[in-house]
$ cat model13.txt   # compact mmCIF, C-alpha atoms
# COMPACT_ATOMS: atom_id res chain seq x y z
CA MET A 1 0.00 0.00 0.00
CA SER A 2 2.76 2.44 0.87
CA GLU A 3 4.08 2.23 -2.72
CA SER A 4 0.74 2.36 -4.51
CA ILE A 5 -0.90 5.32 -2.75
CA THR A 6 0.63 8.51 -4.05
CA ASN A 7 -2.24 11.01 -4.27
CA LEU A 8 -5.54 12.02 -2.74
CA LYS A 9 -7.67 10.20 -5.31
CA GLU A 10 -6.00 6.91 -4.44
CA ILE A 11 -6.43 7.60 -0.73
CA GLU A 12 -10.12 8.36 -1.20
CA ALA A 13 -10.53 5.21 -3.31
CA PHE A 14 -8.90 3.13 -0.58
CA LEU A 15 -11.11 4.65 2.13
CA ASP A 16 -14.19 4.13 -0.04
CA SER A 17 -13.30 0.45 -0.31
CA ILE A 18 -13.87 0.13 3.46
CA PRO A 19 -17.55 -0.41 4.42
CA LYS A 20 -19.10 2.76 5.87
CA PHE A 21 -21.87 3.07 8.43
CA SER A 22 -23.74 5.31 5.97
CA LYS A 23 -24.17 2.42 3.53
CA SER A 24 -23.79 -0.74 5.59
CA GLY A 25 -25.09 0.30 9.01
CA LYS A 26 -23.81 -1.45 12.10
CA ASN A 27 -22.09 -4.10 9.97
CA ALA A 28 -19.46 -1.42 9.26
CA THR A 29 -18.86 -0.61 12.94
CA ASN A 30 -16.64 -2.08 15.60
CA PHE A 31 -17.18 -1.36 19.27
CA ASP A 32 -13.91 -2.57 20.75
CA LEU A 33 -11.55 0.18 21.86
CA SER A 34 -8.61 -2.22 22.16
CA ARG A 35 -8.21 -2.11 18.36
CA MET A 36 -8.17 1.68 18.36
CA GLU A 37 -5.77 1.77 21.31
CA GLU A 38 -3.39 -0.53 19.43
CA PHE A 39 -3.69 1.67 16.32
CA CYS A 40 -2.93 4.81 18.34
CA ASP A 41 0.03 3.13 19.98
CA ARG A 42 1.43 2.40 16.53
CA LEU A 43 1.03 6.09 15.66
CA GLY A 44 2.96 7.14 18.76
CA ASN A 45 -0.23 8.01 20.67
CA SER A 46 -0.58 11.23 18.74
CA GLN A 47 -3.97 11.82 20.40
CA ASN A 48 -2.03 12.88 23.51
CA ASP A 49 -0.06 15.58 21.71
CA PHE A 50 -2.77 18.25 21.81
CA LYS A 51 -5.52 19.58 24.06
CA SER A 52 -9.03 18.59 23.09
CA ILE A 53 -12.76 19.07 23.60
CA HIS A 54 -14.85 15.91 23.12
CA VAL A 55 -18.47 16.34 21.99
CA ALA A 56 -21.24 13.71 21.99
CA GLY A 57 -25.01 13.92 21.65
CA THR A 58 -28.00 12.69 19.70
CA ASN A 59 -28.43 16.01 17.89
CA GLY A 60 -26.45 19.23 17.73
CA LYS A 61 -22.97 17.83 18.27
CA GLY A 62 -21.72 18.78 14.79
CA THR A 63 -23.10 22.30 15.15
CA VAL A 64 -21.57 22.74 18.61
CA CYS A 65 -18.22 21.47 17.30
CA ARG A 66 -18.21 23.99 14.46
CA MET A 67 -19.25 26.80 16.80
CA LEU A 68 -16.44 25.96 19.22
CA ALA A 69 -13.89 25.72 16.41
CA SER A 70 -15.00 29.05 14.97
CA VAL A 71 -14.88 30.89 18.32
CA TYR A 72 -11.45 29.58 19.27
CA GLN A 73 -10.13 30.34 15.79
CA GLU A 74 -11.55 33.86 16.11
CA ALA A 75 -9.58 34.15 19.34
CA GLY A 76 -6.34 33.37 17.48
CA TYR A 77 -5.80 29.74 18.43
CA ASN A 78 -4.80 27.06 15.92
CA VAL A 79 -7.83 24.78 16.00
CA GLY A 80 -8.28 21.30 14.60
CA LEU A 81 -11.81 20.10 13.87
CA TYR A 82 -12.76 16.46 13.38
CA THR A 83 -16.38 15.78 12.39
CA SER A 84 -18.40 13.15 10.59
CA PRO A 85 -19.90 12.24 8.23
CA HIS A 86 -18.44 14.24 5.40
CA LEU A 87 -20.94 15.66 2.95
CA VAL A 88 -19.05 15.92 -0.35
CA ASP A 89 -15.27 15.72 0.18
CA PHE A 90 -13.73 13.30 2.72
CA ARG A 91 -11.27 16.03 3.77
CA GLU A 92 -14.16 17.87 5.43
CA ARG A 93 -13.53 15.58 8.39
CA PHE A 94 -10.04 17.00 8.96
CA GLN A 95 -9.90 20.79 9.18
CA ILE A 96 -7.39 23.15 10.71
CA ASN A 97 -8.53 26.74 11.12
CA ALA A 98 -11.53 25.97 8.86
CA LYS A 99 -9.37 24.70 5.99
CA PHE A 100 -8.81 21.17 4.76
CA ALA A 101 -5.59 19.59 5.98
CA GLU A 102 -2.83 19.67 3.34
CA SER A 103 -2.80 16.82 0.83
CA ASP A 104 0.83 15.96 1.62
CA LEU A 105 -0.17 15.03 5.18
CA PHE A 106 -2.57 12.34 4.00
CA ILE A 107 0.02 10.94 1.59
CA GLU A 108 2.70 10.90 4.29
CA PHE A 109 0.36 9.10 6.69
CA PHE A 110 -0.22 6.26 4.24
CA ASP A 111 3.43 6.19 3.25
CA ARG A 112 4.45 5.71 6.88
CA PHE A 113 1.68 3.40 8.09
CA GLY A 114 0.38 1.78 4.92
CA GLU A 115 1.94 -1.63 5.50
CA TYR A 116 0.56 -1.80 9.03
CA ILE A 117 -2.91 -0.73 7.86
CA ARG A 118 -2.89 -3.41 5.16
CA GLU A 119 -2.32 -6.07 7.81
CA LYS A 120 -5.34 -4.95 9.81
CA ASN A 121 -9.04 -4.65 9.16
CA PHE A 122 -9.90 -1.24 10.57
CA THR A 123 -13.32 0.31 10.04
CA TYR A 124 -13.74 3.51 8.04
CA PHE A 125 -14.29 5.52 11.22
CA GLU A 126 -11.29 4.01 13.00
CA MET A 127 -9.17 4.92 9.98
CA THR A 128 -10.35 8.51 9.74
CA THR A 129 -10.10 9.04 13.50
CA ALA A 130 -6.48 7.83 13.51
CA ILE A 131 -5.68 10.07 10.54
CA ALA A 132 -7.17 13.07 12.37
CA PHE A 133 -5.13 12.41 15.52
CA TRP A 134 -1.91 12.05 13.54
CA ILE A 135 -2.48 15.15 11.38
CA PHE A 136 -3.38 17.31 14.37
CA SER A 137 -0.23 16.12 16.13
CA GLN A 138 1.94 16.85 13.10
CA GLN A 139 0.48 20.34 12.74
CA LYS A 140 1.01 21.14 16.42
CA ILE A 141 -2.43 22.61 16.90
CA ASP A 142 -3.41 24.38 20.11
CA LEU A 143 -6.78 22.71 20.49
CA ALA A 144 -8.82 19.99 18.79
CA VAL A 145 -12.60 19.83 18.76
CA LEU A 146 -13.59 16.18 18.29
CA GLU A 147 -17.06 14.95 17.40
CA VAL A 148 -18.08 11.51 18.61
CA GLY A 149 -19.17 9.24 15.78
CA LEU A 150 -21.76 7.03 17.48
CA GLY A 151 -22.61 6.74 21.15
CA GLY A 152 -19.53 7.60 23.17
CA ARG A 153 -18.31 4.89 25.53
CA LEU A 154 -16.96 2.60 22.79
CA ASP A 155 -16.58 5.18 20.03
CA ALA A 156 -13.18 5.25 18.32
CA THR A 157 -12.64 8.85 19.46
CA ASN A 158 -12.92 7.82 23.11
CA VAL A 159 -9.20 7.16 23.48
CA VAL A 160 -8.55 10.86 24.11
CA ASP A 161 -8.20 12.51 27.51
CA PRO A 162 -9.97 15.83 26.81
CA LEU A 163 -9.98 19.02 28.82
CA ILE A 164 -13.76 18.83 28.87
CA SER A 165 -16.56 16.60 27.62
CA VAL A 166 -19.82 17.87 26.13
CA ILE A 167 -23.16 16.10 25.72
CA THR A 168 -25.46 18.25 23.62
CA SER A 169 -28.73 16.29 23.68
CA ILE A 170 -30.19 12.84 24.30
CA GLY A 171 -32.90 11.21 22.23
CA LEU A 172 -33.94 7.80 20.96
CA ASP A 173 -31.61 7.20 18.02
CA HIS A 174 -29.50 4.21 16.93
CA THR A 175 -31.46 2.20 19.48
CA ASP A 176 -30.38 -1.09 17.87
CA ILE A 177 -26.82 -0.23 18.91
CA LEU A 178 -27.10 2.06 21.94
CA GLY A 179 -30.18 0.68 23.68
CA HIS A 180 -33.93 1.21 23.69
CA SER A 181 -34.25 3.61 26.63
CA ILE A 182 -33.22 7.20 27.29
CA GLU A 183 -31.27 6.05 30.35
CA LYS A 184 -29.28 3.46 28.37
CA ILE A 185 -28.45 5.90 25.59
CA ALA A 186 -27.47 8.56 28.14
CA SER A 187 -25.18 6.07 29.86
CA GLU A 188 -23.47 5.20 26.58
CA LYS A 189 -22.91 8.85 25.69
CA ALA A 190 -21.72 9.65 29.22
CA GLY A 191 -18.94 7.13 28.60
CA ILE A 192 -16.84 10.04 27.30
CA ILE A 193 -16.74 11.68 30.76
CA LYS A 194 -13.24 11.36 32.21
CA GLN A 195 -12.04 11.24 35.80
CA ASN A 196 -11.76 14.74 37.31
CA LYS A 197 -12.59 16.42 33.98
CA PRO A 198 -15.69 18.64 33.66
CA VAL A 199 -18.72 17.87 31.52
CA VAL A 200 -21.17 20.37 30.02
CA ILE A 201 -24.66 19.18 29.09
CA GLY A 202 -27.41 20.75 27.01
CA LYS A 203 -31.13 20.62 27.70
CA LEU A 204 -31.79 16.94 28.40
CA PRO A 205 -34.77 14.82 29.46
CA SER A 206 -34.82 14.47 33.26
CA GLN A 207 -33.96 10.77 33.20
CA ALA A 208 -30.98 11.43 30.91
CA LYS A 209 -29.77 14.29 33.09
CA SER A 210 -29.91 12.23 36.28
CA THR A 211 -28.12 9.30 34.61
CA ILE A 212 -25.29 11.53 33.39
CA GLN A 213 -25.10 13.45 36.65
CA LYS A 214 -24.60 10.20 38.57
CA ILE A 215 -21.80 9.08 36.23
CA ALA A 216 -20.16 12.50 36.53
CA LYS A 217 -20.30 12.29 40.33
CA ASP A 218 -18.79 8.79 40.29
CA ARG A 219 -15.89 10.16 38.24
CA SER A 220 -15.46 13.35 40.29
CA ALA A 221 -16.28 15.34 37.15
CA LYS A 222 -17.67 18.85 37.53
CA PHE A 223 -21.24 18.82 36.18
CA VAL A 224 -22.21 21.98 34.26
CA THR A 225 -25.63 22.73 32.76
CA ILE A 226 -27.07 25.57 30.67
CA GLU A 227 -30.11 25.93 32.92
CA GLN A 228 -29.17 29.39 34.21
CA LEU A 229 -28.70 30.80 30.70
CA GLU A 230 -31.87 32.14 29.12
CA THR A 231 -31.73 32.16 25.32
CA THR A 232 -34.29 33.54 22.86
CA ILE A 233 -34.47 34.13 19.11
CA GLN A 234 -36.48 37.01 17.71
CA ASN A 235 -36.21 39.42 14.79
CA ARG A 236 -33.15 37.58 13.45
CA LYS A 237 -31.31 38.11 16.72
CA ILE A 238 -30.36 35.56 19.35
CA THR A 239 -30.23 36.90 22.89
CA LEU A 240 -28.12 35.12 25.48
CA GLN A 241 -29.14 36.43 28.89
CA LYS A 242 -26.31 35.97 31.38
CA GLU A 243 -25.01 37.84 34.38
CA GLY A 244 -24.85 41.52 33.47
CA GLU A 245 -25.56 42.71 29.90
CA PRO A 246 -27.26 40.35 27.43
CA VAL A 247 -25.23 39.04 24.48
CA LEU A 248 -26.80 39.70 21.07
CA ILE A 249 -25.89 37.48 18.12
CA ASP A 250 -27.00 37.67 14.50
CA ALA A 251 -29.40 34.76 13.90
CA GLN A 252 -29.25 34.43 10.11
CA ASN A 253 -30.26 30.83 9.21
CA TRP A 254 -30.13 29.62 12.83
CA LYS A 255 -33.02 27.70 14.39
CA GLU A 256 -34.53 27.80 17.88
CA VAL A 257 -32.52 24.74 18.90
CA ASP A 258 -29.31 26.60 18.04
CA THR A 259 -29.90 29.01 20.89
CA ARG A 260 -29.26 26.05 23.21
CA ASN A 261 -26.19 25.05 21.20
CA ILE A 262 -24.84 28.58 21.62
CA ALA A 263 -25.49 28.37 25.36
CA ILE A 264 -23.49 25.12 25.49
CA VAL A 265 -20.58 26.79 23.71
CA TYR A 266 -20.72 29.74 26.11
CA LYS A 267 -20.55 27.39 29.11
CA VAL A 268 -17.57 25.51 27.63
CA LEU A 269 -15.75 28.81 27.12
CA ARG A 270 -16.41 29.78 30.73
CA VAL A 271 -15.09 26.47 32.08
CA LEU A 272 -11.93 26.69 29.95
CA LYS A 273 -11.38 30.45 30.39
CA ASP A 274 -8.09 30.03 32.24
CA GLN A 275 -6.48 27.70 29.69
CA PHE A 276 -8.02 29.30 26.58
CA PRO A 277 -9.24 32.85 27.28
CA VAL A 278 -11.90 34.24 24.94
CA SER A 279 -13.50 37.69 25.23
CA GLN A 280 -17.24 38.29 24.89
CA ASP A 281 -16.77 40.17 21.60
CA ILE A 282 -14.71 37.31 20.18
CA PHE A 283 -17.38 34.84 21.28
CA THR A 284 -20.04 36.81 19.41
CA LYS A 285 -17.94 37.19 16.27
CA GLY A 286 -16.96 33.55 16.34
CA ILE A 287 -20.59 32.44 16.42
CA GLU A 288 -21.59 34.88 13.69
CA ASN A 289 -18.75 33.63 11.45
CA VAL A 290 -19.56 29.92 11.76
CA GLN A 291 -21.47 29.84 8.49
CA LEU A 292 -18.70 31.70 6.66
CA ARG A 293 -16.03 29.34 7.92
CA PHE A 294 -18.08 26.17 7.52
CA PRO A 295 -20.56 26.77 4.69
CA ARG A 296 -21.23 23.03 4.32
CA ARG A 297 -23.09 22.18 7.49
CA ALA A 298 -26.27 20.46 6.27
CA VAL A 299 -28.09 22.09 9.19
CA PHE A 300 -30.69 24.42 7.74
CA GLU A 301 -28.14 25.40 5.14
CA LYS A 302 -29.29 27.71 2.35
CA LEU A 303 -28.14 26.02 -0.84
CA SER A 304 -28.16 28.98 -3.21
CA SER A 305 -28.42 32.73 -3.04
CA GLY A 306 -30.70 32.59 -6.08
CA TYR A 307 -33.33 30.24 -4.67
CA ASN A 308 -35.10 29.74 -1.37
CA TRP A 309 -33.82 26.19 -1.14
CA TYR A 310 -32.55 24.73 2.12
CA PHE A 311 -31.01 21.48 3.32
CA ASP A 312 -31.26 20.01 6.80
CA GLY A 313 -30.03 16.53 7.69
CA ALA A 314 -32.69 16.02 10.40
CA HIS A 315 -33.08 12.24 10.64
CA ASN A 316 -34.62 11.41 14.03
CA GLU A 317 -37.78 12.47 15.81
CA GLN A 318 -36.09 15.10 17.96
CA SER A 319 -34.36 16.86 15.06
CA VAL A 320 -37.33 16.57 12.67
CA LYS A 321 -39.63 18.10 15.27
CA SER A 322 -37.25 21.05 15.62
CA LEU A 323 -36.92 21.46 11.86
CA THR A 324 -40.62 21.27 11.00
CA SER A 325 -41.45 23.80 13.72
CA HIS A 326 -38.86 26.17 12.28
CA LEU A 327 -40.15 25.76 8.74
CA ILE A 328 -43.71 26.59 9.81
CA SER A 329 -42.43 29.65 11.69
CA MET A 330 -41.04 30.88 8.36
CA ALA A 331 -44.05 30.12 6.16
CA PRO A 332 -47.28 28.07 6.23
CA ALA A 333 -46.78 24.35 5.63
CA SER A 334 -48.74 24.63 2.39
CA GLU A 335 -46.05 26.89 0.88
CA TRP A 336 -43.17 24.42 1.32
CA ARG A 337 -42.03 21.78 -1.17
CA VAL A 338 -40.52 18.98 0.95
CA VAL A 339 -38.09 16.55 -0.71
CA LEU A 340 -37.18 13.60 1.52
CA SER A 341 -34.78 10.69 1.28
CA PHE A 342 -34.09 8.26 4.13
CA MET A 343 -31.91 5.54 5.44
CA ARG A 344 -34.06 2.46 6.02
CA ASP A 345 -33.44 2.41 9.77
CA LYS A 346 -34.60 6.02 10.11
CA LEU A 347 -38.11 5.49 8.78
CA SER A 348 -40.72 5.66 11.53
CA SER A 349 -44.37 6.52 11.99
CA GLU A 350 -43.37 9.32 14.40
CA ILE A 351 -41.22 11.04 11.75
CA ALA A 352 -43.88 10.49 9.08
CA GLU A 353 -46.47 12.12 11.34
CA LEU A 354 -44.30 15.22 11.75
CA TRP A 355 -43.94 15.62 7.98
CA SER A 356 -47.62 14.85 7.30
CA LYS A 357 -48.66 18.46 7.98
CA PHE A 358 -46.90 19.51 4.75
CA ASP A 359 -49.04 19.27 1.61
CA HIS A 360 -46.30 18.90 -1.01
CA LEU A 361 -44.12 15.87 -0.23
CA TYR A 362 -41.64 14.27 -2.62
CA LEU A 363 -39.49 11.16 -2.15
CA TYR A 364 -36.12 10.26 -3.64
CA GLU A 365 -34.42 6.86 -3.44
CA MET A 366 -30.67 6.95 -2.76
CA GLU A 367 -28.20 4.21 -3.62
CA GLY A 368 -26.72 1.84 -1.03
CA GLU A 369 -27.89 -1.20 0.92
CA ARG A 370 -28.92 0.94 3.90
CA ALA A 371 -30.94 3.41 1.83
CA ALA A 372 -34.74 3.13 1.92
CA THR A 373 -36.47 2.15 -1.30
CA PHE A 374 -39.46 3.96 -2.80
CA ASP A 375 -41.74 1.14 -1.67
CA GLU A 376 -40.42 1.32 1.90
CA MET A 377 -40.84 5.10 2.04
CA LYS A 378 -44.29 4.93 0.45
CA THR A 379 -45.44 2.77 3.37
CA PHE A 380 -44.98 5.82 5.60
CA PHE A 381 -45.75 8.51 3.00
CA PRO A 382 -48.49 6.99 0.81
CA THR A 383 -49.57 10.28 -0.82
CA ALA A 384 -46.07 11.59 -1.57
CA LYS A 385 -44.86 11.93 -5.14
CA THR A 386 -41.66 10.22 -6.26
CA ILE A 387 -38.67 11.83 -7.90
CA GLU A 388 -36.76 9.44 -10.12
CA PHE A 389 -34.76 11.85 -12.24
CA PRO A 390 -32.97 15.09 -11.29
CA ASP A 391 -34.80 16.89 -14.11
CA GLN A 392 -37.89 16.79 -11.94
CA ILE A 393 -36.08 19.00 -9.41
CA ILE A 394 -34.18 21.16 -11.86
CA SER A 395 -37.42 22.23 -13.54
CA ASN A 396 -38.51 25.86 -13.31
CA GLN A 397 -41.49 24.75 -11.23
CA PHE A 398 -39.26 24.31 -8.18
CA LYS A 399 -37.06 27.34 -8.74
CA SER A 400 -39.58 29.85 -7.45
CA GLU A 401 -40.67 27.75 -4.48
CA LEU A 402 -39.67 27.38 -0.85
CA VAL A 403 -37.92 23.99 -0.83
CA ILE A 404 -36.50 21.92 2.01
CA PHE A 405 -34.42 18.81 1.35
CA SER A 406 -34.15 16.50 4.35
CA GLY A 407 -34.33 12.98 5.76
CA SER A 408 -30.64 12.11 5.93
CA PHE A 409 -27.23 13.79 5.98
CA TYR A 410 -26.24 11.40 3.21
CA PHE A 411 -28.79 13.02 0.90
CA TYR A 412 -26.61 16.13 0.85
CA SER A 413 -24.17 14.95 -1.83
CA VAL A 414 -27.07 14.03 -4.13
CA VAL A 415 -28.66 17.45 -3.71
CA SER A 416 -25.28 19.12 -4.22
CA ASN A 417 -25.01 17.40 -7.59
CA TRP A 418 -28.47 18.68 -8.47
CA MET A 419 -27.42 22.20 -7.51
CA GLY A 420 -24.39 21.88 -9.78
CA ALA A 421 -26.62 20.85 -12.65
CA ILE A 422 -28.92 23.78 -11.97
CA ALA A 423 -25.99 26.21 -11.92
CA SER A 424 -24.79 24.85 -15.28
CA ALA A 425 -28.26 25.12 -16.77
CA ASP A 426 -28.69 28.68 -15.54
CA HIS A 427 -25.27 29.62 -16.92
CA LEU A 428 -26.32 28.34 -20.35
CA ASN A 429 -29.75 29.91 -20.11
CA PRO A 430 -29.66 33.01 -17.86
CA SER A 431 -33.20 33.97 -18.85
CA ALA A 432 -34.42 30.95 -16.87
CA LEU A 433 -33.93 33.02 -13.75

$ encode --input "model13.txt" --output "structure tokens"
Amino acid sequence: MSESITNLKEIEAFLDSIPKFSKSGKNATNFDLSRMEEFCDRLGNSQNDFKSIHVAGTNGKGTVCRMLASVYQEAGYNVGLYTSPHLVDFRERFQINAKFAESDLFIEFFDRFGEYIREKNFTYFEMTTAIAFWIFSQQKIDLAVLEVGLGGRLDATNVVDPLISVITSIGLDHTDILGHSIEKIASEKAGIIKQNKPVVIGKLPSQAKSTIQKIAKDRSAKFVTIEQLETTIQNRKITLQKEGEPVLIDAQNWKEVDTRNIAIVYKVLRVLKDQFPVSQDIFTKGIENVQLRFPRRAVFEKLSSGYNWYFDGAHNEQSVKSLTSHLISMAPASEWRVVLSFMRDKLSSEIAELWSKFDHLYLYEMEGERAATFDEMKTFFPTAKTIEFPDQIISNQFKSELVIFSGSFYFYSVVSNWMGAIASADHLNPSAL
């Protein structure tokens, strides 16, 4: 392998040859940290070469990670950001100061460790996590913000010893892997809490909060909540009411749930203020610049300045409830065109009920063994129309409408290709606008 991999395309092809959770589900996972610990040992335990913040949660963890990375970058620190899944380019997972890591670093990694990797059978997520640790070590970053992949306790990222752990939210998701109760899922996610290291939690169900609080107490970990921070969103402004003067933040394209994510970030900054000082002005600017630094977020992301088209990867009851409420706050349900595509394991009557209030529903079938078929989706959305060809989306009929694409983060790359086709068509025929 070390001789054959000489460029990014070959690296991406190798990674794509490894089964991913997005396509194969839990068959592509491995919950045994001993493999990851052995891998890290081979890399020189590069995960110990930098300070880190470790973020878990059912929803919001990617957003909180990007907010934290943006604020600390605004403050002048060199910040590594590791998130998943990627939306279009695999390098999205490995960013330093909001830029993809240099290509030479990936090539050097495989040149140095290719033979070892070939002898093993690491999962896609184990591979990318190890790459992130090694790149961040090589680049001598000040701070890494690390997003948990799935769960927490046995996640590949859970070999780090972070300054602080964060649990953004708890809901019933991935129950076939994490358990069928809020308490069980909370316990799995609380597995990232380390001895004598603080943990910040978002707004959680009472049973989740008590479960995590007990684990934190057992590990002598300071337990920090956002309960004393009042957050509101109104007139495109988010207000964070703390001690003293309120903090006002521009709320362009943020949702109600993001006010709680911002509160989580604020609490993390307060806990780490001695090691990584950040002023209030920098905090505000950092939050307001998140969408500039990380335009691909798939969280109520506006896809084009020319159309009122949005993408949101909401894929469980908690996130879909938040999204549909936000959409209706913008315009009546009858005015939205809703285009959905799902992973098979994310289809549920609860999610279908939330989308049922929208009159214009469309379904698209993605590729992959985990993707839901038209027939499977039609069971939950019997009156929805099907989209089999991109031309049905690219048509002028949709261009003047309010459109939301949702159902799965993995739908993003498909929609991005559609947007590229639309841009090409508009370039050839400007009068279409």

$ closest_residue --input "model13.txt" --among "A:Ser103, A:Phe94, A:Ile18, A:Ser416" --to "Ser304 of chain A" --atoms "only C-alpha atoms"
A:Ser416

$ residues_around --input "model13.txt" --residues "Lys9 of chain A" --least-positions-apart "6" --cutoff "12 Å" --atoms "only C-alpha atoms" --output "list in words"
Leu15, Asp16, Asp89, Phe90, Arg91, Ser103, Phe106 and Ile107 of chain A

$ atom_distance --input "model13.txt" --atom1 "atom CA of Glu102 of chain A" --atom2 "atom CA of Ala298 of chain A"
23.6 Å

$ axis_aligned_box --input "model13.txt" --around "segment 203-220 of chain A" --padding-each-side "4 Å" --output "AutoDock Vina command-line options"
--center_x -25.1 --center_y 14.7 --center_z 34.0 --size_x 27.4 --size_y 19.8 --size_z 20.6

$ closest_residue --input "model13.txt" --among "A:Thr225, A:Asn121, A:Thr386, A:Asn97" --to "Ala75 of chain A" --atoms "all atoms listed in the file"
A:Asn97

$ closest_residue --input "model13.txt" --among "A:Lys217, A:Lys285, A:His86, A:Met330" --to "Phe409 of chain A" --atoms "all atoms listed in the file"
A:His86

$ closest_residue --input "model13.txt" --among "A:Ser325, A:Ser341, A:Gln275, A:Gln291" --to "Lys255 of chain A" --atoms "only C-alpha atoms"
A:Ser325

$ residues_around --input "model13.txt" --residues "Ser46 of chain A" --least-positions-apart "5" --cutoff "9 Å" --atoms "only C-alpha atoms" --output "list in words"
Cys40, Asp41, Ala130, Phe133, Trp134, Ile135, Phe136, Ser137 and Gln138 of chain A

$ write_last_selection --input "model13.txt" --atoms "C-alpha atoms" --output "PDB file, in the coordinates of the input"
ATOM      1  CA  CYS A  40      -2.930   4.810  18.340  1.00  0.00           C
ATOM      2  CA  ASP A  41       0.030   3.130  19.980  1.00  0.00           C
ATOM      3  CA  ALA A 130      -6.480   7.830  13.510  1.00  0.00           C
ATOM      4  CA  PHE A 133      -5.130  12.410  15.520  1.00  0.00           C
ATOM      5  CA  TRP A 134      -1.910  12.050  13.540  1.00  0.00           C
ATOM      6  CA  ILE A 135      -2.480  15.150  11.380  1.00  0.00           C
ATOM      7  CA  PHE A 136      -3.380  17.310  14.370  1.00  0.00           C
ATOM      8  CA  SER A 137      -0.230  16.120  16.130  1.00  0.00           C
ATOM      9  CA  GLN A 138       1.940  16.850  13.100  1.00  0.00           C
TER      10      GLN A 138
END

$ closest_residue --input "model13.txt" --among "A:Asp281, A:Glu288, A:Glu108, A:Asp142" --to "Asn78 of chain A" --atoms "all atoms listed in the file"
A:Asp142

$ residues_near_point --input "model13.txt" --point "(-17.8, 4.1, 29.4)" --cutoff "10 Å" --atoms "all atoms listed in the file" --output "PyMOL selection string"
chain A and resi 151-155+158+187-194+215

$ closest_residue --input "model13.txt" --among "A:Glu12, A:Tyr77, A:Thr239, A:Met67" --to "Thr128 of chain A" --atoms "all atoms listed in the file"
A:Glu12

$ residues_around --input "model13.txt" --residues "segment 404-407 of chain A" --least-positions-apart "6" --cutoff "6 Å" --atoms "only C-alpha atoms" --output "ChimeraX atom specification"
/A:309-315,338-342

$ residues_near_point --input "model13.txt" --point "(-29.0, 19.8, 26.5)" --cutoff "12 Å" --atoms "only C-alpha atoms" --output "PyMOL selection string"
chain A and resi 55-61+64+166-171+186+199-206+208-209+212+224-227+229+257-265+267

$ write_last_selection --input "model13.txt" --atoms "C-alpha atoms" --output "PDB file, in the frame of the given file"
ATOM      1  CA  VAL A  55     -18.470  16.340  21.990  1.00  0.00           C
ATOM      2  CA  ALA A  56     -21.240  13.710  21.990  1.00  0.00           C
ATOM      3  CA  GLY A  57     -25.010  13.920  21.650  1.00  0.00           C
ATOM      4  CA  THR A  58     -28.000  12.690  19.700  1.00  0.00           C
ATOM      5  CA  ASN A  59     -28.430  16.010  17.890  1.00  0.00           C
ATOM      6  CA  GLY A  60     -26.450  19.230  17.730  1.00  0.00           C
ATOM      7  CA  LYS A  61     -22.970  17.830  18.270  1.00  0.00           C
ATOM      8  CA  VAL A  64     -21.570  22.740  18.610  1.00  0.00           C
ATOM      9  CA  VAL A 166     -19.820  17.870  26.130  1.00  0.00           C
ATOM     10  CA  ILE A 167     -23.160  16.100  25.720  1.00  0.00           C
ATOM     11  CA  THR A 168     -25.460  18.250  23.620  1.00  0.00           C
ATOM     12  CA  SER A 169     -28.730  16.290  23.680  1.00  0.00           C
ATOM     13  CA  ILE A 170     -30.190  12.840  24.300  1.00  0.00           C
ATOM     14  CA  GLY A 171     -32.900  11.210  22.230  1.00  0.00           C
ATOM     15  CA  ALA A 186     -27.470   8.560  28.140  1.00  0.00           C
ATOM     16  CA  VAL A 199     -18.720  17.870  31.520  1.00  0.00           C
ATOM     17  CA  VAL A 200     -21.170  20.370  30.020  1.00  0.00           C
ATOM     18  CA  ILE A 201     -24.660  19.180  29.090  1.00  0.00           C
ATOM     19  CA  GLY A 202     -27.410  20.750  27.010  1.00  0.00           C
ATOM     20  CA  LYS A 203     -31.130  20.620  27.700  1.00  0.00           C
ATOM     21  CA  LEU A 204     -31.790  16.940  28.400  1.00  0.00           C
ATOM     22  CA  PRO A 205     -34.770  14.820  29.460  1.00  0.00           C
ATOM     23  CA  SER A 206     -34.820  14.470  33.260  1.00  0.00           C
ATOM     24  CA  ALA A 208     -30.980  11.430  30.910  1.00  0.00           C
ATOM     25  CA  LYS A 209     -29.770  14.290  33.090  1.00  0.00           C
ATOM     26  CA  ILE A 212     -25.290  11.530  33.390  1.00  0.00           C
ATOM     27  CA  VAL A 224     -22.210  21.980  34.260  1.00  0.00           C
ATOM     28  CA  THR A 225     -25.630  22.730  32.760  1.00  0.00           C
ATOM     29  CA  ILE A 226     -27.070  25.570  30.670  1.00  0.00           C
ATOM     30  CA  GLU A 227     -30.110  25.930  32.920  1.00  0.00           C
ATOM     31  CA  LEU A 229     -28.700  30.800  30.700  1.00  0.00           C
ATOM     32  CA  VAL A 257     -32.520  24.740  18.900  1.00  0.00           C
ATOM     33  CA  ASP A 258     -29.310  26.600  18.040  1.00  0.00           C
ATOM     34  CA  THR A 259     -29.900  29.010  20.890  1.00  0.00           C
ATOM     35  CA  ARG A 260     -29.260  26.050  23.210  1.00  0.00           C
ATOM     36  CA  ASN A 261     -26.190  25.050  21.200  1.00  0.00           C
ATOM     37  CA  ILE A 262     -24.840  28.580  21.620  1.00  0.00           C
ATOM     38  CA  ALA A 263     -25.490  28.370  25.360  1.00  0.00           C
ATOM     39  CA  ILE A 264     -23.490  25.120  25.490  1.00  0.00           C
ATOM     40  CA  VAL A 265     -20.580  26.790  23.710  1.00  0.00           C
ATOM     41  CA  LYS A 267     -20.550  27.390  29.110  1.00  0.00           C
TER      42      LYS A 267
END
